[in-house]
file model15.cif (mmCIF, C-alpha atoms)
data_entry
loop_
_atom_site.label_atom_id
_atom_site.label_comp_id
_atom_site.auth_asym_id
_atom_site.auth_seq_id
_atom_site.Cartn_x
_atom_site.Cartn_y
_atom_site.Cartn_z
CA MET A 228 95.29 62.87 80.02
CA SER A 229 92.19 62.69 82.22
CA ALA A 230 90.59 65.34 84.43
CA VAL A 231 92.21 63.53 87.37
CA ASP A 232 95.66 64.05 85.85
CA LEU A 233 94.90 67.71 85.24
CA GLY A 234 93.74 67.97 88.85
CA LYS A 235 97.08 66.62 90.01
CA LEU A 236 98.83 69.23 87.88
CA VAL A 237 96.87 72.03 89.55
CA SER A 238 97.57 70.53 92.99
CA GLU A 239 101.27 70.43 92.24
CA ALA A 240 101.21 74.05 91.08
CA ILE A 241 99.28 75.73 93.91
CA GLY A 242 98.36 73.05 96.47
CA LEU A 243 94.65 73.09 95.62
CA ASP A 244 92.86 69.80 96.25
CA ILE A 245 90.38 69.25 93.43
CA ALA A 246 88.28 67.00 95.68
CA ALA A 247 87.78 69.97 98.02
CA ILE A 248 86.32 72.24 95.35
CA GLY A 249 84.34 69.43 93.75
CA ALA A 250 84.88 67.39 90.61
CA PRO A 251 81.88 68.96 88.77
CA THR A 252 83.33 72.44 89.29
CA PHE A 253 86.70 71.30 88.01
CA ARG A 254 85.22 69.57 84.97
CA ARG A 255 83.23 72.72 84.12
CA ALA A 256 86.43 74.77 84.31
CA ILE A 257 88.24 72.36 81.98
CA ARG A 258 85.37 72.46 79.48
CA GLU A 259 85.38 76.26 79.53
CA ARG A 260 89.11 76.47 78.95
CA CYS A 261 88.99 73.80 76.23
CA ALA A 262 86.39 75.88 74.42
CA ALA A 263 88.39 79.08 74.89
CA CYS A 264 91.58 77.45 73.59
CA GLY A 265 89.87 75.59 70.75
CA VAL A 266 90.94 72.11 71.90
CA GLY A 267 88.82 68.98 71.94
CA GLY A 268 89.22 67.45 75.40
CA PRO A 269 91.41 66.88 78.48
CA GLU A 270 94.21 65.12 76.57
CA ALA A 271 94.44 67.89 73.97
CA TYR A 272 94.17 70.51 76.69
CA ARG A 273 97.08 68.93 78.58
CA GLU A 274 99.19 69.15 75.44
CA TYR A 275 98.11 72.76 75.05
CA LEU A 276 99.16 73.45 78.64
CA SER A 277 102.57 71.93 78.00
CA ALA A 278 103.10 74.23 75.03
CA ASN A 279 101.54 77.28 76.71
CA PRO A 280 102.50 77.37 80.43
CA GLU A 281 100.71 80.69 80.91
CA GLU A 282 97.39 78.88 80.29
CA LEU A 283 97.64 77.29 83.74
CA GLN A 284 96.92 80.69 85.27
CA GLN A 285 93.72 80.97 83.21
CA LEU A 286 92.55 77.62 84.57
CA ILE A 287 93.45 78.65 88.10
CA GLU A 288 91.37 81.83 87.73
CA LEU A 289 88.26 79.70 87.23
CA LEU A 290 88.94 77.67 90.37
CA VAL A 291 89.61 80.44 92.89
CA VAL A 292 86.37 82.37 93.17
CA PRO A 293 86.26 83.61 96.78
CA GLU A 294 83.23 84.71 98.76
CA THR A 295 84.22 87.82 100.71
CA TRP A 296 82.98 91.17 101.96
CA PHE A 297 84.08 94.00 104.22
CA PHE A 298 84.28 93.36 107.97
CA ARG A 299 83.24 89.76 107.45
CA ASP A 300 85.07 88.60 110.59
CA ARG A 301 84.60 91.35 113.18
CA PRO A 302 85.76 89.31 116.23
CA ALA A 303 89.03 88.50 114.46
CA LEU A 304 89.55 92.13 113.44
CA ALA A 305 88.82 93.30 116.99
CA GLU A 306 91.37 90.89 118.48
CA MET A 307 93.92 91.91 115.84
CA SER A 308 93.41 95.57 116.76
CA ARG A 309 93.85 94.92 120.49
CA PHE A 310 97.04 92.99 119.77
CA ALA A 311 98.39 95.77 117.53
CA LEU A 312 97.65 98.39 120.18
CA ARG A 313 99.63 96.39 122.74
CA LEU A 314 102.57 96.16 120.34
CA HIS A 315 102.39 99.87 119.63
CA ALA A 316 102.20 100.76 123.32
CA SER A 317 105.26 98.62 124.08
CA ASN A 318 107.31 100.29 121.33
CA PRO A 319 105.77 103.26 119.49
CA ASN A 320 108.62 103.34 116.94
CA ARG A 321 108.32 99.80 115.60
CA LEU A 322 106.54 98.90 112.38
CA ILE A 323 103.75 96.35 112.87
CA ARG A 324 103.73 94.00 109.90
CA LEU A 325 100.59 92.13 108.82
CA ILE A 326 99.67 89.91 105.89
CA SER A 327 96.40 88.76 104.33
CA ILE A 328 96.72 85.55 102.33
CA PRO A 329 94.80 84.88 100.19
CA CYS A 330 93.60 88.47 99.93
CA ALA A 331 91.12 87.85 97.07
CA SER A 332 89.63 91.13 95.80
CA GLY A 333 90.90 93.14 98.75
CA GLU A 334 88.02 93.31 101.20
CA GLU A 335 89.94 91.54 103.98
CA PRO A 336 93.21 93.56 103.94
CA TYR A 337 91.30 96.82 103.54
CA SER A 338 89.10 95.81 106.49
CA MET A 339 92.25 95.12 108.51
CA ALA A 340 93.55 98.60 107.70
CA MET A 341 90.27 100.29 108.59
CA ALA A 342 90.04 98.39 111.88
CA LEU A 343 93.56 99.46 112.85
CA LEU A 344 92.89 103.07 111.90
CA ASP A 345 89.69 103.03 113.95
CA ALA A 346 91.64 101.59 116.90
CA GLY A 347 94.06 104.52 116.76
CA VAL A 348 97.18 102.81 115.41
CA PRO A 349 99.13 105.54 113.51
CA THR A 350 99.44 105.08 109.76
CA ASN A 351 103.24 105.12 109.88
CA CYS A 352 103.32 102.29 112.43
CA PHE A 353 101.67 99.47 110.48
CA HIS A 354 101.59 98.06 106.97
CA ILE A 355 99.70 95.16 105.40
CA ASP A 356 100.92 92.88 102.63
CA ALA A 357 98.12 91.27 100.63
CA VAL A 358 98.91 88.23 98.48
CA ASP A 359 96.81 86.08 96.17
CA ILE A 360 97.36 83.59 93.37
CA SER A 361 94.70 85.23 91.20
CA ALA A 362 95.81 88.08 88.94
CA VAL A 363 92.15 88.92 88.25
CA ALA A 364 91.34 89.28 91.96
CA LEU A 365 94.44 91.39 92.56
CA SER A 366 93.54 93.71 89.70
CA ALA A 367 90.14 94.31 91.29
CA ALA A 368 91.74 94.82 94.71
CA LYS A 369 94.19 97.41 93.40
CA ARG A 370 91.41 99.22 91.56
CA GLY A 371 89.64 99.57 94.90
CA GLU A 372 86.10 99.94 93.58
CA PHE A 373 83.40 97.83 95.23
CA GLY A 374 79.72 97.17 94.61
CA LYS A 375 76.93 96.50 97.07
CA ASN A 376 77.81 92.80 97.41
CA SER A 377 80.98 93.81 99.27
CA PHE A 378 78.96 95.69 101.92
CA ARG A 379 76.90 93.04 103.70
CA ASP A 380 77.57 94.23 107.23
CA LEU A 381 74.65 96.14 108.71
CA ALA A 382 76.97 98.63 110.43
CA LEU A 383 78.10 100.67 107.42
CA GLY A 384 79.63 103.65 109.18
CA PHE A 385 83.01 102.60 107.77
CA ARG A 386 81.73 103.12 104.24
CA ALA A 387 80.88 106.75 104.82
CA LYS A 388 84.23 107.27 106.55
CA TYR A 389 86.65 105.49 104.22
CA PHE A 390 84.97 105.35 100.78
CA ASP A 391 84.14 107.83 98.07
CA PRO A 392 80.81 107.23 96.31
CA LEU A 393 80.75 106.55 92.55
CA PRO A 394 77.64 106.26 90.34
CA HIS A 395 77.42 102.46 90.78
CA ALA A 396 80.12 101.62 93.33
CA TYR A 397 82.32 102.92 96.15
CA ARG A 398 86.06 103.63 95.91
CA ILE A 399 88.37 103.08 98.88
CA ASN A 400 90.14 106.29 99.82
CA ALA A 401 93.89 106.91 99.79
CA LEU A 402 94.23 106.80 103.59
CA VAL A 403 93.33 103.11 103.58
CA ARG A 404 94.82 102.24 100.21
CA ASP A 405 98.28 103.46 101.20
CA GLN A 406 98.41 100.97 104.09
CA VAL A 407 98.17 97.93 101.82
CA SER A 408 100.60 96.49 99.24
CA PHE A 409 99.24 93.87 96.85
CA GLY A 410 101.29 91.17 95.12
CA ARG A 411 100.75 87.87 93.36
CA GLY A 412 102.33 84.85 94.95
CA ASN A 413 102.02 81.35 96.37
CA PHE A 414 103.03 81.13 100.00
CA LEU A 415 103.77 77.41 99.61
CA ASP A 416 106.81 78.32 97.54
CA PRO A 417 109.95 77.78 99.68
CA GLY A 418 111.25 81.29 98.92
CA PHE A 419 108.12 83.09 100.09
CA PRO A 420 108.36 85.73 101.38
CA ALA A 421 111.77 86.81 100.07
CA ARG A 422 113.92 89.25 102.08
CA ARG A 423 111.34 89.60 104.83
CA SER A 424 111.33 89.52 108.59
CA PRO A 425 108.41 87.60 110.14
CA TYR A 426 104.89 89.01 110.33
CA ASP A 427 103.28 90.07 113.59
CA VAL A 428 99.83 89.10 112.31
CA VAL A 429 98.89 86.56 109.64
CA PHE A 430 95.34 86.31 108.33
CA CYS A 431 94.96 83.00 106.47
CA ARG A 432 91.27 82.23 106.71
CA ASN A 433 89.47 79.51 104.77
CA LEU A 434 92.41 78.51 102.58
CA LEU A 435 93.71 75.36 104.27
CA ILE A 436 90.39 73.57 103.78
CA TYR A 437 91.04 73.61 100.02
CA PHE A 438 94.33 71.67 100.35
CA ASP A 439 94.88 67.94 100.54
CA LEU A 440 96.41 66.44 103.70
CA GLU A 441 100.02 66.75 102.61
CA ASN A 442 99.62 70.34 101.48
CA GLN A 443 97.75 71.21 104.66
CA ALA A 444 100.77 70.10 106.66
CA ARG A 445 103.14 72.01 104.36
CA ALA A 446 100.94 75.10 104.52
CA THR A 447 100.86 75.03 108.31
CA ARG A 448 104.65 74.82 108.42
CA ALA A 449 104.80 77.74 106.01
CA LEU A 450 102.52 79.77 108.28
CA ALA A 451 104.77 79.03 111.25
CA ARG A 452 107.76 80.14 109.19
CA ILE A 453 106.36 83.55 108.20
CA LEU A 454 104.81 84.30 111.63
CA ASP A 455 106.81 86.05 114.33
CA PRO A 456 107.30 83.70 117.31
CA ALA A 457 105.08 85.97 119.40
CA GLY A 458 102.65 86.85 116.60
CA LEU A 459 99.02 85.91 115.97
CA LEU A 460 97.62 83.61 113.29
CA PHE A 461 93.95 83.95 112.33
CA VAL A 462 92.27 81.03 110.52
CA GLY A 463 88.76 80.04 109.55
CA PRO A 464 86.43 78.23 111.96
CA SER A 465 86.74 74.96 110.04
CA GLU A 466 90.54 75.07 110.26
CA THR A 467 91.05 75.31 114.01
CA ILE A 468 91.57 71.60 114.60
CA LEU A 469 94.02 71.43 111.72
CA VAL A 470 96.38 74.16 112.98
CA ALA A 471 96.07 72.93 116.56
CA LYS A 472 97.38 69.54 115.39
CA HIS A 473 100.46 71.27 113.99
CA GLY A 474 101.71 73.07 117.07
CA PHE A 475 99.52 76.18 117.32
CA VAL A 476 97.70 77.05 120.53
CA PRO A 477 94.30 78.80 120.49
CA LEU A 478 93.98 82.23 122.00
CA LYS A 479 91.13 82.76 124.46
CA ALA A 480 89.24 85.14 122.20
CA PRO A 481 85.68 84.00 121.39
CA MET A 482 84.90 83.69 117.67
CA ALA A 483 88.25 85.22 116.64
CA PHE A 484 89.85 81.83 115.80
CA ALA A 485 93.26 83.24 116.72
CA PHE A 486 96.33 81.13 117.44
CA GLN A 487 99.87 81.54 118.74
CA THR A 488 102.82 79.21 118.51
CA ALA A 489 103.20 76.82 121.41
CA VAL A 490 106.56 78.41 122.17
CA ALA A 491 105.00 81.84 122.57
CA ARG A 492 102.27 80.57 124.86
CA ALA A 493 104.69 78.60 127.04
CA SER A 494 107.32 81.26 127.55
CA HIS A 495 105.44 84.59 127.80
CA ARG A 496 108.61 86.14 126.47
CA ARG A 497 108.48 88.02 123.18
CA THR A 498 111.17 87.38 120.60
CA ARG A 499 110.88 90.41 118.37
CA ALA A 500 112.09 91.08 114.85
CA PRO A 501 114.50 94.04 114.50
CA ILE A 502 112.74 97.36 115.01
CA VAL A 503 112.02 99.17 111.75
CA PRO A 504 111.93 102.97 112.04
CA ALA A 505 108.40 104.25 111.60
CA SER A 506 109.52 106.54 108.78
CA ARG A 507 110.75 103.63 106.66
CA LYS A 508 108.34 102.65 103.92
CA PRO A 509 107.93 98.85 103.56
CA GLU A 510 108.62 97.15 100.26
CA ALA A 511 105.76 96.09 98.01
CA ALA A 512 104.60 92.49 98.42
CA ILE A 513 107.11 90.13 96.84
CA GLU A 514 105.99 88.43 93.62
CA ALA A 515 106.33 84.69 94.19
CA SER A 516 106.16 82.27 91.29
CA THR A 517 103.79 79.31 91.23
CA THR A 518 106.52 76.70 91.25
CA LYS A 519 105.37 73.24 90.21
CA ARG A 520 106.25 70.36 92.46
CA HIS A 521 105.52 66.67 92.72
CA LEU A 522 103.31 65.85 95.69
CA ALA A 523 102.56 62.27 96.65
CA ARG A 524 98.98 61.69 97.75
CA PRO A 525 98.17 59.35 100.61
CA SER A 526 96.51 56.10 99.65
CA PRO A 527 92.75 56.29 100.21
CA GLU A 528 91.37 54.10 102.96
CA LYS A 529 88.23 52.01 102.63
CA ARG A 530 85.36 53.90 104.24
CA PRO A 531 81.68 53.28 104.86
CA SER A 532 79.27 54.88 102.41
CA SER A 533 78.55 58.58 102.83
CA GLU A 534 74.89 57.83 103.54
CA ALA A 535 75.80 55.47 106.39
CA VAL A 536 78.25 57.93 107.91
CA PHE A 537 75.78 60.83 107.74
CA ALA A 538 72.98 58.71 109.20
CA ALA A 539 75.18 57.82 112.19
CA ILE A 540 76.15 61.46 112.67
CA ARG A 541 72.51 62.60 112.57
CA GLN A 542 71.63 59.95 115.13
CA LEU A 543 74.32 61.29 117.47
CA ALA A 544 73.12 64.86 116.98
CA ASP A 545 69.48 63.90 117.55
CA ALA A 546 70.52 62.26 120.83
CA GLY A 547 72.16 65.51 121.94
CA ASN A 548 75.77 64.35 121.45
CA LEU A 549 76.69 67.44 119.46
CA ALA A 550 80.41 67.45 120.23
CA GLU A 551 80.85 63.85 119.08
CA ALA A 552 78.67 64.45 116.01
CA ALA A 553 80.77 67.46 115.04
CA GLN A 554 83.98 65.48 115.53
CA ARG A 555 82.66 62.71 113.29
CA CYS A 556 81.88 65.30 110.59
CA GLU A 557 85.34 66.79 110.81
CA ASP A 558 86.95 63.33 110.69
CA TYR A 559 84.89 62.54 107.60
CA LEU A 560 85.87 65.78 105.87
CA ARG A 561 89.53 64.86 106.12
CA GLY A 562 89.09 62.03 103.65
CA GLY A 563 85.51 61.62 102.43
CA ASP A 564 83.57 62.60 99.35
CA ALA A 565 80.19 64.35 99.35
CA ALA A 566 81.95 67.26 101.06
CA ALA A 567 79.12 69.73 100.42
CA GLU A 568 76.64 67.62 102.39
CA ALA A 569 79.22 67.02 105.12
CA PHE A 570 79.80 70.75 105.54
CA HIS A 571 76.04 71.35 105.54
CA LEU A 572 75.56 68.73 108.25
CA LEU A 573 78.41 70.19 110.31
CA GLY A 574 76.76 73.60 109.96
CA VAL A 575 73.48 72.25 111.33
CA ILE A 576 75.33 70.75 114.30
CA ARG A 577 77.22 73.97 115.02
CA ASP A 578 73.97 75.89 114.66
CA ALA A 579 72.26 73.65 117.21
CA ASP A 580 75.22 74.11 119.55
CA GLY A 581 74.90 77.90 119.40
CA LYS A 582 78.17 78.34 117.47
CA LEU A 583 76.62 80.57 114.86
CA GLY A 584 79.81 81.93 113.31
CA GLU A 585 81.12 78.43 112.69
CA ALA A 586 77.71 77.34 111.40
CA GLU A 587 77.61 80.19 108.89
CA ALA A 588 81.10 79.32 107.65
CA CYS A 589 80.06 75.69 107.13
CA TYR A 590 76.88 76.59 105.25
CA ARG A 591 78.85 78.91 102.97
CA ARG A 592 81.48 76.23 102.41
CA ALA A 593 78.75 73.77 101.40
CA LEU A 594 77.35 76.31 98.95
CA TYR A 595 80.76 76.97 97.47
CA LEU A 596 81.04 73.27 96.69
CA ASP A 597 77.39 72.92 95.62
CA PRO A 598 75.78 76.28 94.75
CA ASP A 599 72.37 74.58 94.37
CA HIS A 600 72.35 72.92 97.81
CA GLU A 601 68.80 73.79 98.82
CA GLU A 602 69.00 72.84 102.50
CA ALA A 603 72.22 74.81 103.00
CA LEU A 604 70.54 77.86 101.46
CA ILE A 605 67.52 77.48 103.73
CA HIS A 606 69.61 77.08 106.87
CA LEU A 607 71.94 79.94 105.95
CA ARG A 608 69.06 82.32 105.35
CA SER A 609 67.46 81.32 108.65
CA LEU A 610 70.73 81.86 110.53
CA LEU A 611 71.31 85.29 108.95
CA GLU A 612 67.79 86.36 109.88
CA ARG A 613 68.35 85.25 113.48
CA ILE A 614 71.57 87.23 113.87
CA GLY A 615 70.01 90.34 112.35
CA ASP A 616 71.82 90.27 108.99
CA SER A 617 68.76 91.17 106.94
CA THR A 618 70.86 92.21 103.95
CA GLY A 619 72.67 88.89 103.83
CA ALA A 620 69.41 86.98 104.33
CA LYS A 621 67.87 88.91 101.43
CA VAL A 622 70.79 88.03 99.16
CA VAL A 623 70.40 84.33 100.00
CA GLY A 624 66.64 84.53 99.54
CA GLU A 625 67.05 86.06 96.09
CA ARG A 626 69.46 83.28 95.20
CA MET A 627 66.88 80.71 96.27
CA GLN A 628 64.24 82.40 94.11
CA ARG A 629 66.53 82.33 91.07
CA LEU A 630 67.13 78.62 91.56
CA GLU A 631 63.41 78.01 91.96
CA ARG A 632 62.63 79.91 88.74
CA ALA A 633 65.35 78.00 86.90
CA GLY A 634 63.86 74.71 88.14
CA ARG A 635 60.43 75.60 86.76
CA ARG A 636 61.76 76.23 83.25
#

call {"tool": "encode", "arguments": {"input": "model15.cif", "output": "structure tokens"}}
result
Amino acid sequence: MSAVDLGKLVSEAIGLDIAAIGAPTFRRAIRERCAACGVGGPEAYREYLSANPEELQQLIELLVVPETWFFRDRPALAEMSRFALRLHASNPNRLIRLISIPCASGEEPYSMAMALLDAGVPTNCFHIDAVDISAVALSAAKRGEFGKNSFRDLALGFRAKYFDPLPHAYRINALVRDQVSFGRGNFLDPGFPARRSPYDVVFCRNLLIYFDLENQARATRALARILDPAGLLFVGPSETILVAKHGFVPLKAPMAFAFQTAVARASHRRTRAPIVPASRKPEAAIEASTTKRHLARPSPEKRPSSEAVFAAIRQLADAGNLAEAAQRCEDYLRGGDAAAEAFHLLGVIRDADGKLGEAEACYRRALYLDPDHEEALIHLRSLLERIGDSTGAKVVGERMQRLERAGRR
């Protein structure tokens, strides 16, 4: 059993495309789990997995390490709040249902709750389900204690308002905590979410880029299934083309990356789920199992070398053809290797085009795939300095210094 076979097993379990997270990262995870389980290599580890199905979750924990912080996506949260206020004004007695998937360690769903509270939506009129595949991340989210790395936004008024200080951290207060229900699950499972009416708002940011083509299509169908016909879907900046290809229509809300179904946009009529009395407490998030399934991969096509593709893209960008250069990058990312460099190059193009939010997302995606990517670190720090995020720029600068010191040893 090779690392490739183990990668297919993980893909079948949770939809994760090993090529998207990088083969070196996956091989490191296998080595770590082999050492922890006392087995000698991939073949022995596969046999161990067969005898100990719970071990798959331990491997998954090493592969889903999200980068997140509070109020990371302010334009999206602002658009969500405006949408929720319109729903509340149209029917003050209905329950507005939202979901954050994947919710990671909780910063996103808690940010959603704080944004809605700040907008004036009553606590008994909205509730947020928060779902993730990682039991470790969910445990941290439920604990609700966060260190300084979770507070990278310069406007920290929300921390004084909604957190209680601890000696070395901050604890989210009960007002916010009570608005969020956490549960472990995989939204690709056909039964997810069980016994639920559709959601008015779905936050699914920066997940689809980790799936292969077939799972991306399945995931987009799953999003359409759990979203109310008149609801809003929020995705990451690198995922906009993907969801647009599968029947979603972008909302005219700069930097929010919000989408509606084509049916909702065409009709202007709202098909609502049954009204839930405001006094009714929603169920906790449904636990969904990580059902294994066989997924056929498309046959790879013959492609030019990465170096040749990137050289052509740079030539387009240097000539001022930024839109075409960006499109070439996105086309390459749908089937090429060297994804870290491709995301870095796309970030540079977005940066030059003034699309700073998208550029930042691309630089961070490159660094997730290759934490030592020097040029991505340099460009990300420069961008953060330009937009006034001195705290974030300092964090990146310190990371660069650590890498430099490690290189000297």

call {"tool": "closest_residue", "arguments": {"input": "model15.cif", "among": "A:Ile468, A:Leu393, A:Leu381, A:Ala603", "to": "Asp616 of chain A", "atoms": "only C-alpha atoms"}}
result
A:Leu381

call {"tool": "closest_atom_pairs", "arguments": {"input": "model15.cif", "of": "segment 590-621 of chain A", "to": "segment 626-630 of chain A", "cutoff": "12 Å", "atoms": "only C-alpha atoms", "output": "Markdown table"}}
result
| residue | atom | partner | partner_atom | distance |
| --- | --- | --- | --- | --- |
| A:Leu594 | CA | A:Arg626 | CA | 11.2 |
| A:Pro598 | CA | A:Arg626 | CA | 9.4 |
| A:Asp599 | CA | A:Leu630 | CA | 7.2 |
| A:His600 | CA | A:Met627 | CA | 9.6 |
| A:Glu601 | CA | A:Met627 | CA | 7.6 |
| A:Glu602 | CA | A:Met627 | CA | 10.3 |
| A:Ala603 | CA | A:Met627 | CA | 10.4 |
| A:Leu604 | CA | A:Met627 | CA | 7.0 |
| A:Ile605 | CA | A:Met627 | CA | 8.2 |
| A:His606 | CA | A:Met627 | CA | 11.5 |
| A:Leu607 | CA | A:Met627 | CA | 10.9 |
| A:Arg608 | CA | A:Met627 | CA | 9.5 |
| A:Gly619 | CA | A:Arg626 | CA | 10.8 |
| A:Ala620 | CA | A:Arg626 | CA | 9.9 |
| A:Lys621 | CA | A:Arg626 | CA | 8.5 |

call {"tool": "atom_distance", "arguments": {"input": "model15.cif", "atom1": "atom CA of Tyr595 of chain A", "atom2": "atom CA of Val428 of chain A"}}
result
27.0 Å

call {"tool": "residues_around", "arguments": {"input": "model15.cif", "residues": "segment 579-591 of chain A", "least_positions_apart": "4", "cutoff": "9 Å", "atoms": "all atoms listed in the file", "output": "PDB file with C-alpha atoms, keeping the file's coordinate frame"}}
result
ATOM      1  CA  GLU A 294      83.230  84.710  98.760  1.00  0.00           C
ATOM      2  CA  ASP A 300      85.070  88.600 110.590  1.00  0.00           C
ATOM      3  CA  ASN A 433      89.470  79.510 104.770  1.00  0.00           C
ATOM      4  CA  GLY A 463      88.760  80.040 109.550  1.00  0.00           C
ATOM      5  CA  PRO A 464      86.430  78.230 111.960  1.00  0.00           C
ATOM      6  CA  SER A 465      86.740  74.960 110.040  1.00  0.00           C
ATOM      7  CA  MET A 482      84.900  83.690 117.670  1.00  0.00           C
ATOM      8  CA  ALA A 544      73.120  64.860 116.980  1.00  0.00           C
ATOM      9  CA  LEU A 549      76.690  67.440 119.460  1.00  0.00           C
ATOM     10  CA  ALA A 550      80.410  67.450 120.230  1.00  0.00           C
ATOM     11  CA  ALA A 567      79.120  69.730 100.420  1.00  0.00           C
ATOM     12  CA  ALA A 569      79.220  67.020 105.120  1.00  0.00           C
ATOM     13  CA  PHE A 570      79.800  70.750 105.540  1.00  0.00           C
ATOM     14  CA  HIS A 571      76.040  71.350 105.540  1.00  0.00           C
ATOM     15  CA  LEU A 572      75.560  68.730 108.250  1.00  0.00           C
ATOM     16  CA  LEU A 573      78.410  70.190 110.310  1.00  0.00           C
ATOM     17  CA  GLY A 574      76.760  73.600 109.960  1.00  0.00           C
ATOM     18  CA  VAL A 575      73.480  72.250 111.330  1.00  0.00           C
ATOM     19  CA  TYR A 595      80.760  76.970  97.470  1.00  0.00           C
ATOM     20  CA  LEU A 596      81.040  73.270  96.690  1.00  0.00           C
ATOM     21  CA  ALA A 603      72.220  74.810 103.000  1.00  0.00           C
ATOM     22  CA  LEU A 604      70.540  77.860 101.460  1.00  0.00           C
ATOM     23  CA  HIS A 606      69.610  77.080 106.870  1.00  0.00           C
ATOM     24  CA  LEU A 607      71.940  79.940 105.950  1.00  0.00           C
ATOM     25  CA  LEU A 610      70.730  81.860 110.530  1.00  0.00           C
ATOM     26  CA  LEU A 611      71.310  85.290 108.950  1.00  0.00           C
ATOM     27  CA  ILE A 614      71.570  87.230 113.870  1.00  0.00           C
TER      28      ILE A 614
END

call {"tool": "atom_distance", "arguments": {"input": "model15.cif", "atom1": "atom CA of Ser332 of chain A", "atom2": "atom CA of Ala364 of chain A"}}
result
4.6 Å

call {"tool": "atom_distance", "arguments": {"input": "model15.cif", "atom1": "atom CA of Phe484 of chain A", "atom2": "atom CA of Glu335 of chain A"}}
result
15.3 Å
